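Report on the following structure.
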Number of protein chains: 2
Amino acid sequence: MKQSTIHSPALNSIHITDPLFSHYISIVAEKLIPYQWNVLNDCEPNTEKSYCIANFRVAAGEQAGRHEGMVFSDTDAYKWLETLAYCLERGEARSYEPMAEELIDLIGRAQRPDGYLNTYFTVNCPGKEWTNFAEGHELYSAGHLIEAAVAYFRATGKTRLLDIASRFADLICEKFAPGSSLENACPGHQEIELALIKLSECTGENKYADLARHFLTVRGKAGDFLERNVRQLGHNRIFPEFAAYDARYAQSHLEPVDQSTAEGHAVRAMYMYSAMADVARKYTDVRMAESCIRLWKNVTQKRMYITGGIGSSGFLERFTTDYDLPNDRMYCESCASVGLMMFGQRMSALTGDASYYDTVEQALCNTVLAGISAEGDKYFYVNPLEVWPENCLEGTSMSHVKPERQPWFACACCPANISRTLASLGQYIYSQDEKSLYVNMLISSSVATTVRGQEVRLEMDSGLLQNGKAVFRLEKKGEGSVMLRIRIPAYLKGFAFHLNGSIIHPAVENGYAVLAVSQPGLQTISLTGSVQPRWVCANTNVRADTGKVAAAYGPFVYCLEETDNGKNLSAVYVSPEAAPIPEKAETGLPGRLPVLRFPGQRLDSGLNSDQLYGTPSFRFIPDHFTAVPYCLWCNRKPGEMSVWLNALIPAPAGTDAG
Amino acid sequence: MKQSTIHSPALNSIHITDPLFSHYISIVAEKLIPYQWNVLNDCEPNTEKSYCIANFRVAAGEQAGRHEGMVFSDTDAYKWLETLAYCLERGEARSYEPMAEELIDLIGRAQRPDGYLNTYFTVNCPGKEWTNFAEGHELYSAGHLIEAAVAYFRATGKTRLLDIASRFADLICEKFAPGSSLENACPGHQEIELALIKLSECTGENKYADLARHFLTVRGKAGDFLERNVRQLGHNRIFPEFAAYDARYAQSHLEPVDQSTAEGHAVRAMYMYSAMADVARKYTDVRMAESCIRLWKNVTQKRMYITGGIGSSGFLERFTTDYDLPNDRMYCESCASVGLMMFGQRMSALTGDASYYDTVEQALCNTVLAGISAEGDKYFYVNPLEVWPENCLEGTSMSHVKPERQPWFACACCPANISRTLASLGQYIYSQDEKSLYVNMLISSSVATTVRGQEVRLEMDSGLLQNGKAVFRLEKKGEGSVMLRIRIPAYLKGFAFHLNGSIIHPAVENGYAVLAVSQPGLQTISLTGSVQPRWVCANTNVRADTGKVAAAYGPFVYCLEETDNGKNLSAVYVSPEAAPIPEKAETGLPGRLPVLRFPGQRLDSGLNSDQLYGTPSFRFIPDHFTAVPYCLWCNRKPGEMSVWLNALIPAPAGTDAG
């Protein structure tokens, strides 16, 4: 196993021009940063109070009161700072830098002399620090602090937040180091592991990465620390649903290197797997890498929705079992798909394999984007593939499913997670190592970076869905050869490359077409191929999708909405033999993505309105249907929505009687 | 509205010979009474402790300790006594009468001097009586005490338990009477209303029925008493899930006379609707009767499973919305279907209409019987129509669904409710009024009673499913005319009657064939007709059942089990054009019900095992399938089960492309 050096270029070198993504990215700086700032300060009307800034003030001794809100409310501030950092790095949202500075000062004042920083424990449970690992989220919050600090330092060069985070990280290193009294402890919500890797890379201090590795080594050892912790606690239960706590919930049922199936809370799992991939790479840990590959396969081949959503159980937002992918009652948290992007990015960096980006793109273009409204002011936490608003009732098994996006929630993980992902999207599009520039996703944009000591500028104009063509204009200053590695997406068929107008036949390695470019100056490379709307089915073992198909176009999964197709989408049948036809969107939705149109049938069972059950007299009624990209659903009128549609499958010949 | 006098003959006059039901009924006396007695006394190994008898001892001051177990644990004893009473009335389980006497004495000693009787409040919360209506179950427990007392008095003529119950009922009358401080209070779990009606009929005391009516009058009035009660309580929450409490949960969102849709907890709803039907009849209350009819229609035409199961939400075991009938995640509590039988029986008594018994039979023959194992030692609380054992995981949204029957639970409502229903099944088969003997369900049995002052004995031998024939031998002593009213079940087609060998053409009124019998002596009446296995579909609006059919035969719904048909039943397709073929059962299951066999197809989507999604290449593989009665599922090997099967529906002509 050779150590990979693949990493992302700096965000300030990347400019995204794709109409869909640039729409959402501009929303982050223009709307989300201001909106979320108001929420943190509890001065946004019509949203639940976050108490976030107030808690820091109370912890700093500058305001009377108790900690209010979620136990991990500090992370709202940290994720806001991280998101803002990415905006600042790209030259946006500069007017919020003074607020950030003010907030960072406040965070500094809330930090205790020994470096400890957590407003919940400082205010409400002093003396109880480092006791409630299953529920307390102390290390989780520390992780988000560290991620924000690294991002803010990279964006601004200012060290104040990095100093705060490093002091806290130093304390954590001391408290949890092998040989200490907490040497067997591990976080109840993973996050700090990947943050410590970032801090280690940013500061050059190996001890932080070593602690990340330590957390991944002690986890799941010795009769599960967390299960004992959650049961033995003398203090009040923070999360009542943790009565059902089991070791799988926080992936502490086995040592991470021995894990093979994705279990438990999906966000915890993704954050841990991401850190495992980081550790596998940094320490050239073959067993850890193999475990990552097994877990990746289990997620993507057995436990993931076609939308890149994960977490089949609404209760505890967790994985369940292979092929259990119910379409209406699952969780599919936006944050979990952000985590899947993070895991995929790291797996590709670990292995140099492009195919991980098929899944990163799937998660991004469907569940992550669906998590935010086109206006940027409302959010889905839960991302079902089928919604019938009438049965999404409070006080029932379906109460977690919201048929419409909601304003900021008290537990505001998803809005902030989506924001920071969009604000730093460039890190997923491009990567590089000592010889190559990688194009991981064909999202129109430009990048300017240095490869092999040469300044390289690439402009990518991707119209694959519009005209089957992506154009890459590469400008290079030096004479040395640079590899341009362009991922060939799974949905692109029969591709061809042209260099300055002449056909070329680049080798394809690990899913990347590899173009060696040696001449200086501007080279124009074009990738052409066929991207057609298609019907997709699920594996026969996915009980929820038997006999069903979903429409897809490029990385985008499509869905039917009531506003285009009327009520009762479960009665729609389509022929998988007839491909959907893309048509120009007149939907007013961002991104100029086409809609898909296709003929089909509606099934009527022949019963009267007062007959609940009766003799079938099935009848098909021909109709035409319009599908829109799943990521854009519920941006017009709320109503029913369905990704999977019944397939009209010809009955076998000569079997009239079945 | 004429006051109906329809009532059930005494249980000691009815003897059930049907092989299926007599199997289960004999189990009650032979196995359940002893088993449940051991459970009440906490001396049954391998079951959760009930603490039931122990709690009475503690309340009586004869044992130290606290109340343990469920807040309504007293009802386990009351339902055991009620069940035993029905057995005793039929001459069974006599050896348990001394234990019953001993228990009744203990209950008497646990009763407080003022008549109050509830071990939880007496022991754990003295002084808090009549404060926690939403959760406390005091009136619910009182209701079960009264039902037991009435049954025990009827069976034995002994008045001790009736005296205990009456003293408590007198106290309740006093506490809750109009003008008292609790005049606006209503029970959080209905049950006492129907019990008070029984007590009133048994004792001739109208005040009990008046209080039942009062409870149904104050309910839902004045800004909902229960919602205020559950929110304002200073004491500890008994049921954590009541954080989501809303007025609909306990049907207190509207006054009962104004209700039109079945809402909230299904058992609470059924017990209330049953009492409403009783009150409508007793007080000739037209508005209440109309409300009952609306609610019955809403349940049976919009919110009921084909198995007679109700309660579409696993969380809070409640109704949701019209046509929301998911097959795998619902509750469908056995108790709720018992309640539906009670409601249907009372609606038929109120209206004289036989058709209510179509639903009573549906609930009985499917969900209620399915609730108990063939051996009588294990129980389903939740009765799904589709089970995939692998996804019924603890700590997930599916944890309430058990793929196998369980031994006695701490919350032991269902076993006892099924027992008392089976032990008193005769009350559902026959009813009578001043002129007629009604045969409500064609379950082989005999009855001896007095109609119009004449001794009447009827022997019914029903072989409708076996040979399309039911024979009724009616023996009558007197000369006067007696009406024999025989319900014509909805599943019986093309029926004919013969009297002593000659064809007759009785009128059909309200779903009953009406035969006037005047000669004394023995008359032999035969009913012949066609009962064929059939495919049933659901209304187009039932999203969960689109394009699906279920096999049924007479009142029995059938299902596929993995043990007969292999794994992945969701991939099975059958032709609704080809009727299932009944075949003699070789299953070792009780009741000699046939199995149904039919050809069909299995769908394969054509993907490899490591492909979760891909291009469909649908392929049907012919196969043959065997269905067993749903009530008998999971009595051989556990595994997958499915009631609804995909229908092979011919694609419309000339629409190759959909």
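By order of appearance in the structure tokens: chains A, B, ..., then residues from 1 within every chain, and ligands from 1 in the order shown.
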
Env of Leu515 in chain B: 12 Å cut, atoms = only C-alpha atoms, seq-sep filter 2 positions within chain, self excluded. Answer as an mmCIF file with all heavy atoms, in the first residue's frame.
```
data_model
loop_
_atom_site.group_PDB
_atom_site.id
_atom_site.type_symbol
_atom_site.label_atom_id
_atom_site.label_comp_id
_atom_site.auth_asym_id
_atom_site.auth_seq_id
_atom_site.Cartn_x
_atom_site.Cartn_y
_atom_site.Cartn_z
ATOM 1 N N LYS B 435 -88.802 -11.997 19.830
ATOM 2 C CA LYS B 435 -89.443 -12.875 18.845
ATOM 3 C C LYS B 435 -88.486 -13.818 18.127
ATOM 4 O O LYS B 435 -88.909 -14.802 17.537
ATOM 5 C CB LYS B 435 -90.107 -11.998 17.758
ATOM 6 C CG LYS B 435 -91.334 -11.258 18.235
ATOM 7 C CD LYS B 435 -92.014 -10.543 17.085
ATOM 8 C CE LYS B 435 -91.088 -9.485 16.489
ATOM 9 N NZ LYS B 435 -91.748 -8.590 15.517
ATOM 10 N N SER B 436 -87.193 -13.445 18.102
ATOM 11 C CA SER B 436 -86.281 -14.113 17.172
ATOM 12 C C SER B 436 -85.044 -14.679 17.844
ATOM 13 O O SER B 436 -84.562 -14.137 18.842
ATOM 14 C CB SER B 436 -85.796 -13.120 16.100
ATOM 15 O OG SER B 436 -86.873 -12.508 15.447
ATOM 16 N N LEU B 437 -84.545 -15.725 17.246
ATOM 17 C CA LEU B 437 -83.207 -16.205 17.541
ATOM 18 C C LEU B 437 -82.339 -15.859 16.326
ATOM 19 O O LEU B 437 -82.701 -16.191 15.192
ATOM 20 C CB LEU B 437 -83.232 -17.724 17.767
ATOM 21 C CG LEU B 437 -81.872 -18.382 17.998
ATOM 22 C CD1 LEU B 437 -81.219 -17.880 19.285
ATOM 23 C CD2 LEU B 437 -82.027 -19.913 18.060
ATOM 24 N N TYR B 438 -81.243 -15.158 16.578
ATOM 25 C CA TYR B 438 -80.365 -14.720 15.493
ATOM 26 C C TYR B 438 -79.132 -15.615 15.431
ATOM 27 O O TYR B 438 -78.497 -15.890 16.457
ATOM 28 C CB TYR B 438 -79.854 -13.289 15.745
ATOM 29 C CG TYR B 438 -80.916 -12.213 15.737
ATOM 30 C CD1 TYR B 438 -81.777 -12.051 16.824
ATOM 31 C CD2 TYR B 438 -81.019 -11.333 14.661
ATOM 32 C CE1 TYR B 438 -82.735 -11.036 16.821
ATOM 33 C CE2 TYR B 438 -81.974 -10.314 14.652
ATOM 34 C CZ TYR B 438 -82.834 -10.172 15.733
ATOM 35 O OH TYR B 438 -83.773 -9.182 15.739
ATOM 36 N N VAL B 439 -78.805 -16.051 14.214
ATOM 37 C CA VAL B 439 -77.534 -16.741 13.990
ATOM 38 C C VAL B 439 -76.625 -15.739 13.288
ATOM 39 O O VAL B 439 -76.819 -15.428 12.111
ATOM 40 C CB VAL B 439 -77.725 -18.005 13.129
ATOM 41 C CG1 VAL B 439 -76.373 -18.664 12.873
ATOM 42 C CG2 VAL B 439 -78.683 -18.964 13.800
ATOM 43 N N PHE B 472 -79.159 -26.636 9.935
ATOM 44 C CA PHE B 472 -79.680 -26.130 11.204
ATOM 45 C C PHE B 472 -80.798 -27.053 11.661
ATOM 46 O O PHE B 472 -81.792 -27.216 10.949
ATOM 47 C CB PHE B 472 -80.249 -24.716 11.027
ATOM 48 C CG PHE B 472 -79.274 -23.751 10.412
ATOM 49 C CD1 PHE B 472 -79.087 -23.702 9.036
ATOM 50 C CD2 PHE B 472 -78.518 -22.904 11.223
ATOM 51 C CE1 PHE B 472 -78.179 -22.818 8.474
ATOM 52 C CE2 PHE B 472 -77.614 -22.029 10.661
ATOM 53 C CZ PHE B 472 -77.436 -21.977 9.276
ATOM 54 N N LEU B 474 -83.552 -27.333 14.291
ATOM 55 C CA LEU B 474 -84.247 -26.509 15.284
ATOM 56 C C LEU B 474 -85.312 -27.352 15.972
ATOM 57 O O LEU B 474 -86.176 -27.937 15.311
ATOM 58 C CB LEU B 474 -84.901 -25.313 14.588
ATOM 59 C CG LEU B 474 -85.580 -24.314 15.530
ATOM 60 C CD1 LEU B 474 -84.537 -23.408 16.178
ATOM 61 C CD2 LEU B 474 -86.598 -23.466 14.769
ATOM 62 N N SER B 481 -95.161 -19.140 17.035
ATOM 63 C CA SER B 481 -94.198 -18.927 15.967
ATOM 64 C C SER B 481 -92.936 -18.247 16.520
ATOM 65 O O SER B 481 -93.009 -17.309 17.312
ATOM 66 C CB SER B 481 -94.832 -18.052 14.881
ATOM 67 O OG SER B 481 -93.849 -17.670 13.955
ATOM 68 N N VAL B 482 -91.794 -18.742 16.079
ATOM 69 C CA VAL B 482 -90.513 -18.161 16.461
ATOM 70 C C VAL B 482 -89.759 -17.854 15.178
ATOM 71 O O VAL B 482 -89.835 -18.608 14.214
ATOM 72 C CB VAL B 482 -89.727 -19.167 17.342
ATOM 73 C CG1 VAL B 482 -88.252 -18.803 17.393
ATOM 74 C CG2 VAL B 482 -90.325 -19.238 18.731
ATOM 75 N N MET B 483 -89.109 -16.705 15.162
ATOM 76 C CA MET B 483 -88.320 -16.351 13.975
ATOM 77 C C MET B 483 -86.889 -16.855 14.140
ATOM 78 O O MET B 483 -86.263 -16.555 15.166
ATOM 79 C CB MET B 483 -88.264 -14.828 13.800
ATOM 80 C CG MET B 483 -89.597 -14.184 13.586
ATOM 81 S SD MET B 483 -90.298 -14.673 11.990
ATOM 82 C CE MET B 483 -91.741 -13.618 11.993
ATOM 83 N N LEU B 484 -86.427 -17.552 13.145
ATOM 84 C CA LEU B 484 -85.008 -17.883 13.092
ATOM 85 C C LEU B 484 -84.386 -16.957 12.049
ATOM 86 O O LEU B 484 -84.804 -16.953 10.892
ATOM 87 C CB LEU B 484 -84.816 -19.356 12.706
ATOM 88 C CG LEU B 484 -83.355 -19.818 12.603
ATOM 89 C CD1 LEU B 484 -82.643 -19.724 13.947
ATOM 90 C CD2 LEU B 484 -83.295 -21.260 12.072
ATOM 91 N N ARG B 485 -83.443 -16.146 12.503
ATOM 92 C CA ARG B 485 -82.808 -15.196 11.584
ATOM 93 C C ARG B 485 -81.363 -15.637 11.369
ATOM 94 O O ARG B 485 -80.572 -15.670 12.302
ATOM 95 C CB ARG B 485 -82.843 -13.782 12.158
ATOM 96 C CG ARG B 485 -84.265 -13.219 12.240
ATOM 97 C CD ARG B 485 -84.310 -11.839 12.865
ATOM 98 N NE ARG B 485 -85.691 -11.395 12.966
ATOM 99 C CZ ARG B 485 -86.267 -10.548 12.100
ATOM 100 N NH1 ARG B 485 -85.588 -10.040 11.099
ATOM 101 N NH2 ARG B 485 -87.544 -10.215 12.247
ATOM 102 N N ILE B 486 -81.070 -15.991 10.139
ATOM 103 C CA ILE B 486 -79.742 -16.517 9.806
ATOM 104 C C ILE B 486 -79.018 -15.513 8.928
ATOM 105 O O ILE B 486 -79.494 -15.175 7.836
ATOM 106 C CB ILE B 486 -79.852 -17.876 9.064
ATOM 107 C CG1 ILE B 486 -80.579 -18.891 9.961
ATOM 108 C CG2 ILE B 486 -78.473 -18.380 8.652
ATOM 109 C CD1 ILE B 486 -80.929 -20.195 9.242
ATOM 110 N N ARG B 487 -77.887 -15.038 9.432
ATOM 111 C CA ARG B 487 -77.122 -14.072 8.635
ATOM 112 C C ARG B 487 -76.594 -14.722 7.358
ATOM 113 O O ARG B 487 -76.060 -15.831 7.378
ATOM 114 C CB ARG B 487 -75.929 -13.556 9.453
ATOM 115 C CG ARG B 487 -74.919 -12.781 8.625
ATOM 116 C CD ARG B 487 -73.835 -12.153 9.481
ATOM 117 N NE ARG B 487 -72.617 -11.997 8.698
ATOM 118 C CZ ARG B 487 -71.559 -12.770 8.787
ATOM 119 N NH1 ARG B 487 -71.555 -13.775 9.647
ATOM 120 N NH2 ARG B 487 -70.508 -12.562 8.030
ATOM 121 N N PHE B 497 -82.332 -22.122 0.499
ATOM 122 C CA PHE B 497 -82.732 -22.750 1.760
ATOM 123 C C PHE B 497 -83.666 -23.925 1.485
ATOM 124 O O PHE B 497 -84.509 -23.873 0.582
ATOM 125 C CB PHE B 497 -83.482 -21.737 2.646
ATOM 126 C CG PHE B 497 -82.556 -20.864 3.451
ATOM 127 C CD1 PHE B 497 -82.174 -19.618 2.983
ATOM 128 C CD2 PHE B 497 -82.073 -21.307 4.678
ATOM 129 C CE1 PHE B 497 -81.329 -18.817 3.738
ATOM 130 C CE2 PHE B 497 -81.226 -20.501 5.428
ATOM 131 C CZ PHE B 497 -80.840 -19.249 4.958
ATOM 132 N N HIS B 498 -83.496 -24.948 2.266
ATOM 133 C CA HIS B 498 -84.438 -26.062 2.265
ATOM 134 C C HIS B 498 -84.947 -26.265 3.678
ATOM 135 O O HIS B 498 -84.173 -26.176 4.632
ATOM 136 C CB HIS B 498 -83.768 -27.354 1.772
ATOM 137 C CG HIS B 498 -83.506 -27.344 0.302
ATOM 138 N ND1 HIS B 498 -82.453 -26.644 -0.259
ATOM 139 C CD2 HIS B 498 -84.175 -27.944 -0.727
ATOM 140 C CE1 HIS B 498 -82.467 -26.813 -1.580
ATOM 141 N NE2 HIS B 498 -83.506 -27.597 -1.892
ATOM 142 N N LEU B 499 -86.251 -26.525 3.784
ATOM 143 C CA LEU B 499 -86.845 -26.853 5.083
ATOM 144 C C LEU B 499 -87.339 -28.292 4.985
ATOM 145 O O LEU B 499 -88.199 -28.602 4.138
ATOM 146 C CB LEU B 499 -88.007 -25.903 5.401
ATOM 147 C CG LEU B 499 -88.792 -26.210 6.682
ATOM 148 C CD1 LEU B 499 -87.914 -26.121 7.922
ATOM 149 C CD2 LEU B 499 -89.994 -25.266 6.805
ATOM 150 N N ILE B 504 -87.317 -23.551 0.221
ATOM 151 C CA ILE B 504 -88.121 -22.419 0.706
ATOM 152 C C ILE B 504 -87.427 -21.128 0.291
ATOM 153 O O ILE B 504 -86.265 -21.141 -0.085
ATOM 154 C CB ILE B 504 -88.309 -22.451 2.240
ATOM 155 C CG1 ILE B 504 -86.929 -22.536 2.935
ATOM 156 C CG2 ILE B 504 -89.222 -23.596 2.668
ATOM 157 C CD1 ILE B 504 -86.994 -22.336 4.435
ATOM 158 N N HIS B 505 -88.155 -20.054 0.339
ATOM 159 C CA HIS B 505 -87.618 -18.770 -0.105
ATOM 160 C C HIS B 505 -87.833 -17.722 0.966
ATOM 161 O O HIS B 505 -88.681 -16.852 0.843
ATOM 162 C CB HIS B 505 -88.276 -18.349 -1.426
ATOM 163 C CG HIS B 505 -88.029 -19.333 -2.527
ATOM 164 N ND1 HIS B 505 -86.829 -19.439 -3.193
ATOM 165 C CD2 HIS B 505 -88.819 -20.307 -3.048
ATOM 166 C CE1 HIS B 505 -86.889 -20.404 -4.074
ATOM 167 N NE2 HIS B 505 -88.087 -20.958 -4.024
ATOM 168 N N PRO B 506 -87.071 -17.828 2.047
ATOM 169 C CA PRO B 506 -87.275 -16.861 3.127
ATOM 170 C C PRO B 506 -86.920 -15.447 2.673
ATOM 171 O O PRO B 506 -86.049 -15.261 1.821
ATOM 172 C CB PRO B 506 -86.316 -17.341 4.210
ATOM 173 C CG PRO B 506 -85.260 -18.115 3.495
ATOM 174 C CD PRO B 506 -85.932 -18.732 2.302
ATOM 175 N N ALA B 507 -87.621 -14.503 3.234
ATOM 176 C CA ALA B 507 -87.270 -13.097 2.995
ATOM 177 C C ALA B 507 -85.918 -12.818 3.633
ATOM 178 O O ALA B 507 -85.537 -13.475 4.606
ATOM 179 C CB ALA B 507 -88.333 -12.193 3.613
ATOM 180 N N VAL B 508 -85.204 -11.880 3.056
ATOM 181 C CA VAL B 508 -83.949 -11.444 3.671
ATOM 182 C C VAL B 508 -84.141 -10.014 4.165
ATOM 183 O O VAL B 508 -84.482 -9.123 3.398
ATOM 184 C CB VAL B 508 -82.776 -11.533 2.672
ATOM 185 C CG1 VAL B 508 -81.494 -11.016 3.319
ATOM 186 C CG2 VAL B 508 -82.589 -12.973 2.202
ATOM 187 N N GLU B 509 -84.051 -9.857 5.480
ATOM 188 C CA GLU B 509 -84.226 -8.535 6.110
ATOM 189 C C GLU B 509 -82.945 -8.165 6.842
ATOM 190 O O GLU B 509 -82.464 -8.945 7.669
ATOM 191 C CB GLU B 509 -85.357 -8.591 7.147
ATOM 192 C CG GLU B 509 -86.740 -8.651 6.563
ATOM 193 C CD GLU B 509 -87.788 -8.841 7.670
ATOM 194 O OE1 GLU B 509 -87.452 -8.681 8.864
ATOM 195 O OE2 GLU B 509 -88.931 -9.179 7.323
ATOM 196 N N TYR B 512 -80.346 -10.735 7.260
ATOM 197 C CA TYR B 512 -80.725 -12.034 7.821
ATOM 198 C C TYR B 512 -81.813 -12.661 6.962
ATOM 199 O O TYR B 512 -82.796 -11.998 6.618
ATOM 200 C CB TYR B 512 -81.311 -11.882 9.233
ATOM 201 C CG TYR B 512 -80.334 -11.454 10.304
ATOM 202 C CD1 TYR B 512 -80.325 -10.138 10.768
ATOM 203 C CD2 TYR B 512 -79.467 -12.376 10.889
ATOM 204 C CE1 TYR B 512 -79.456 -9.747 11.787
ATOM 205 C CE2 TYR B 512 -78.591 -11.980 11.904
ATOM 206 C CZ TYR B 512 -78.585 -10.665 12.347
ATOM 207 O OH TYR B 512 -77.740 -10.283 13.348
ATOM 208 N N ALA B 513 -81.646 -13.950 6.655
ATOM 209 C CA ALA B 513 -82.775 -14.710 6.097
ATOM 210 C C ALA B 513 -83.722 -14.993 7.269
ATOM 211 O O ALA B 513 -83.280 -15.464 8.321
ATOM 212 C CB ALA B 513 -82.287 -16.015 5.485
ATOM 213 N N VAL B 517 -90.824 -20.185 12.215
ATOM 214 C CA VAL B 517 -91.028 -21.601 12.510
ATOM 215 C C VAL B 517 -92.152 -21.686 13.534
ATOM 216 O O VAL B 517 -92.042 -21.136 14.630
ATOM 217 C CB VAL B 517 -89.729 -22.225 13.074
ATOM 218 C CG1 VAL B 517 -89.957 -23.703 13.388
ATOM 219 C CG2 VAL B 517 -88.579 -22.043 12.107
ATOM 220 N N SER B 518 -93.219 -22.340 13.151
ATOM 221 C CA SER B 518 -94.323 -22.421 14.118
ATOM 222 C C SER B 518 -94.544 -23.832 14.645
ATOM 223 O O SER B 518 -94.872 -23.999 15.816
ATOM 224 C CB SER B 518 -95.630 -21.856 13.541
ATOM 225 O OG SER B 518 -95.619 -21.892 12.146
ATOM 226 N N GLN B 523 -87.189 -29.349 13.198
ATOM 227 C CA GLN B 523 -87.193 -28.891 11.804
ATOM 228 C C GLN B 523 -85.747 -28.891 11.321
ATOM 229 O O GLN B 523 -84.864 -28.428 12.045
ATOM 230 C CB GLN B 523 -87.737 -27.458 11.697
ATOM 231 C CG GLN B 523 -88.989 -27.189 12.489
ATOM 232 C CD GLN B 523 -90.196 -27.933 11.932
ATOM 233 O OE1 GLN B 523 -90.243 -28.226 10.733
ATOM 234 N NE2 GLN B 523 -91.146 -28.270 12.795
ATOM 235 N N THR B 524 -85.540 -29.372 10.126
ATOM 236 C CA THR B 524 -84.183 -29.352 9.581
ATOM 237 C C THR B 524 -84.117 -28.355 8.438
ATOM 238 O O THR B 524 -84.816 -28.487 7.435
ATOM 239 C CB THR B 524 -83.762 -30.751 9.112
ATOM 240 O OG1 THR B 524 -83.826 -31.632 10.222
ATOM 241 C CG2 THR B 524 -82.327 -30.728 8.576
ATOM 242 N N ILE B 525 -83.298 -27.396 8.635
ATOM 243 C CA ILE B 525 -83.152 -26.337 7.626
ATOM 244 C C ILE B 525 -81.743 -26.439 7.062
ATOM 245 O O ILE B 525 -80.787 -26.613 7.816
ATOM 246 C CB ILE B 525 -83.348 -24.948 8.283
ATOM 247 C CG1 ILE B 525 -84.764 -24.843 8.860
ATOM 248 C CG2 ILE B 525 -83.061 -23.828 7.300
ATOM 249 C CD1 ILE B 525 -84.836 -23.996 10.097
ATOM 250 N N SER B 526 -81.650 -26.361 5.759
ATOM 251 C CA SER B 526 -80.293 -26.345 5.198
ATOM 252 C C SER B 526 -80.107 -25.085 4.372
ATOM 253 O O SER B 526 -81.018 -24.618 3.698
ATOM 254 C CB SER B 526 -80.025 -27.590 4.363
ATOM 255 O OG SER B 526 -80.760 -27.522 3.160
ATOM 256 N N LEU B 527 -78.898 -24.570 4.485
ATOM 257 C CA LEU B 527 -78.493 -23.416 3.673
ATOM 258 C C LEU B 527 -77.386 -23.908 2.763
ATOM 259 O O LEU B 527 -76.380 -24.455 3.235
ATOM 260 C CB LEU B 527 -77.986 -22.304 4.593
ATOM 261 C CG LEU B 527 -77.183 -21.167 3.941
ATOM 262 C CD1 LEU B 527 -78.031 -20.413 2.920
ATOM 263 C CD2 LEU B 527 -76.687 -20.199 5.018
#
```

May I have a table of the residues of chain B lying at most 6 Å from chain A, giving each one's closest pair of atoms and their distance in Å to one decimal, counting only C-alpha atoms, ordered by chain and ascending residue number, as CSV?
```
residue,atom,partner,partner_atom,distance
B:Ala244,CA,A:Gly395,CA,5.4
B:Gln301,CA,A:Leu612,CA,5.0
B:Ser313,CA,A:Ser397,CA,5.4
B:Gly314,CA,A:Ser397,CA,5.8
B:Phe315,CA,A:Ser397,CA,4.8
B:Gly395,CA,A:Ala244,CA,5.4
B:Thr396,CA,A:Phe315,CA,5.2
B:Ser397,CA,A:Phe315,CA,4.8
B:Val536,CA,A:Thr615,CA,5.0
B:Cys537,CA,A:Pro616,CA,5.1
B:Ala538,CA,A:Tyr613,CA,4.4
B:Asn539,CA,A:Leu612,CA,5.0
B:Thr540,CA,A:Ser605,CA,5.4
B:Arg543,CA,A:Ser570,CA,5.6
B:Ser570,CA,A:Arg543,CA,5.6
B:Val574,CA,A:Gly658,CA,5.6
B:Ser575,CA,A:Gly658,CA,4.5
B:Ala578,CA,A:Ala657,CA,5.2
B:Gly600,CA,A:Gly658,CA,4.9
B:Asp604,CA,A:Thr540,CA,5.7
B:Ser605,CA,A:Thr540,CA,5.4
B:Leu607,CA,A:Asn539,CA,5.7
B:Asp610,CA,A:Gln301,CA,5.6
B:Gln611,CA,A:Gln301,CA,6.0
B:Leu612,CA,A:Gln301,CA,5.0
B:Tyr613,CA,A:Ala538,CA,4.4
B:Gly614,CA,A:Val536,CA,5.3
B:Thr615,CA,A:Val536,CA,5.0
B:Pro616,CA,A:Cys537,CA,5.1
B:Ala657,CA,A:Ala578,CA,5.2
B:Gly658,CA,A:Ser575,CA,4.4
```

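For Ser462 in chain B, the non-local neighbours within 12 Å, defined as residues at least 4 positions apart in the same chain or in other chains and counting only C-alpha atoms, are Ile16, Thr17, Asp18, Pro19, Val439, Met441, Leu442, Ile443, Ser444, Ser445, Ser446, Gln466, Asn467, Gly468, Lys469, Ala470, Val471, Phe472, Arg473, Ile525, Ser526, Leu527, Thr528, Gly529 and Gly554 of chain B.
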